[in-house]
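Visitor: Encoded as structure tokens, here's the structure I'll be asking about.
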Amino acid sequence: MTATQTDQAHDFEAVRRTIEKDGVTGLKGAFSREWVAQLGEDVEAAFTEARSRENGAVGRGPNRWYVEIHPEALRGFVDLVDHPWVRGVSEAILGPDYEIVEVGFDIPFAGAMNQPWHRDFPSPQETRQERRLTSLAFNVTCVDTAEDMGPFEVAPGTHWEHGTDFEHEMFPSKSEYQRYESLAVRKYPQMGDISARSALTIHRGTKNNSQKSRPVLVLGVDAPGAGNAEHHDLAVTRDYWESLPDRVKAHLKCPVVEELTPITQKHTIEGLVMGEA
């Protein structure tokens, strides 16, 4: 087991309160650096494969790419989704029947620009009217993040904004940028750290002034009926399915197939293609 926090007790009620207040939280040292190094190898291999075919990777701004992958592409998939903190946070926010709907990664390379402030999809009715979150994104950095590598920037508390006046209900007006910048917190995760956030929290990737890439794994989790699985094409082979622990199978609501089909990215966010200056 490469998780380093397996036996640590966590206060998931406190985590729930933090996510509901800020829209984001994290855990330091959830995995060993050796585990993350292996993750980085798998991400690099998956990116090379995705870029070898049409629409295997989707642009999220200049020199910035997103790739969705099948669970089998990650040797540490079970370690990740069965980590006690991942399970506990998912249950605390989304309920005991949460569903794993997305596995992918985002890579800003040298020359990646500031993204426009955005959320990843429109706020659902349950969040706007019932103040209930129906999805989470877990992020695991594959590298030690430094200031010049284009750190992730988030505006805490903005996940509750209705956003019905945003462009495509995802992109706030540039007239609001100063407010988000006044709220913004930059994140500098190190290898082994993991975070959980509402994808509704207004955020952006920043300009990468280094000559290094900053790959980040993304694990998307839904409450039942949230509907984000429609934007993704997760699948597993029969042999892989049979090798999974029952506790993982219970949350992996995806087709079981004889042969995997490479994923053509469906979750394109048009407003991110050009990026900001």
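As shown in the structure tokens, the chain order sets the letters A, B, ...; within each chain, residues go from 1, and ligands are also counted from 1 in the order they appear.
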Among region 62-181 of chain A, which residues carry a DSSP assignment of strand (DSSP E or B), reported as number ranges by chain?

Guide: A: 64-68, 99-108, 118, 135-141, 149, 152-154, 167, 171

Visitor: Excluding region 218-223 of chain A and any residue of its chain fewer than 3 positions from it, enumerate the residues within 8 Å of it, using only C-alpha atoms, and give them as an NGL selection string.

Guide: :A and (90 or 94-95 or 97-106 or 134-140 or 226-228)

Visitor: Name the residues in contact with region 14-20 of chain A at a cut-off of 8 Å, using only C-alpha atoms, excluding same-chain residues fewer than 5 positions from it; report them as a ChimeraX atom specification.

Guide: /A:25,89,92-93,157,197-198

Visitor: Using DSSP assignments from the backbone, pull out every residue in region 56-239 of chain A that falls under alpha helix (DSSP H) and give it to me as JSON, numbers by chain.

Guide: {"A": [77, 78, 79, 80, 81, 84, 85, 86, 87, 88, 89, 90, 91, 92, 93, 94, 125, 126, 127, 128, 129, 130, 177, 178, 179, 180, 181, 182, 183, 238, 239]}

Visitor: For region 115-130 of chain A, please output as an MDAnalysis selection string all residues within 10 Å (counting only C-alpha atoms; exclusion window: fewer than 3 positions along the same chain).

Guide: chainID A and resid 60:62 64 112 133:135 152:155 158:164 166:174 176:177 180:181 198:207 226:228 267:269 271:277

Visitor: Just the residues within 12 Å of Ala9 (chain A), please, counting only C-alpha atoms, with nothing from its chain fewer than 6 positions along; format it as number ranges by chain.

Guide: A: 84-85, 88

Visitor: For Gly76 (chain A), which residue out of A:Lys212, A:Ser182, A:Leu217, A:Glu13 is the nearest one, using only C-alpha atoms?

Guide: A:Leu217

Visitor: Write out as a list of chain:residue names each polymer residue whose atoms come within 6 Å of region 253-265 of chain A, counting only C-alpha atoms; drop sequence neighbours fewer than 3 positions from it.

Guide: A:Asn55, A:Gly56, A:Leu234, A:Ala235, A:Val236, A:Thr237, A:Arg238

Visitor: Next, dump the selected residues to file, keeping only C-alpha atoms, as a PDB file, in the first residue's frame.

Guide:
```
ATOM      1  CA  ASN A  55      -9.226  14.528 -30.324  1.00  0.00           C
ATOM      2  CA  GLY A  56      -7.389  12.393 -27.797  1.00  0.00           C
ATOM      3  CA  LEU A 234     -15.335   5.754 -18.402  1.00  0.00           C
ATOM      4  CA  ALA A 235     -15.163   1.989 -18.976  1.00  0.00           C
ATOM      5  CA  VAL A 236     -13.281  -1.050 -17.651  1.00  0.00           C
ATOM      6  CA  THR A 237     -12.548  -4.475 -19.100  1.00  0.00           C
ATOM      7  CA  ARG A 238     -14.167  -7.549 -17.626  1.00  0.00           C
TER       8      ARG A 238
END
```

Visitor: Let me make sure I understand: among A:Ala50, A:Leu252, A:Met113, A:Val36, which one has the smallest atom-to-atom distance to Arg75 (chain A) if we use only C-alpha atoms?

Guide: A:Val36

Visitor: Just checking: using only C-alpha atoms, which residue out of A:Lys28, A:Arg51, A:His70, A:Arg33 ends up closest to Cys142 (chain A)?

Guide: A:Arg33

Visitor: What does the structure give for the distance between CA of Pro224 (chain A) and CA of Trp65 (chain A), in Å to one decimal?

Guide: 28.6 Å

Visitor: What separation in Å, quoted to one decimal, exists between CA of Val81 (chain A) and CA of Arg214 (chain A)?

Guide: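 Answer for the CA of Val81 (chain A) to CA of Arg214 (chain A) separation: 21.7 Å.
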
Visitor: Counting only C-alpha atoms, figure out which residue out of A:Lys249, A:Arg131, A:Arg186, A:His83 gets nearest to Pro71 (chain A).

Guide: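 With only C-alpha atoms as the atom set, the closest residue is A:Lys249.
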
Visitor: Just how far from CA of Pro151 (chain A) is CA of Val24 (chain A), in Å to one decimal?

Guide: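 We find that CA of Val24 (chain A) and CA of Pro151 (chain A) lie 15.0 Å from each other.
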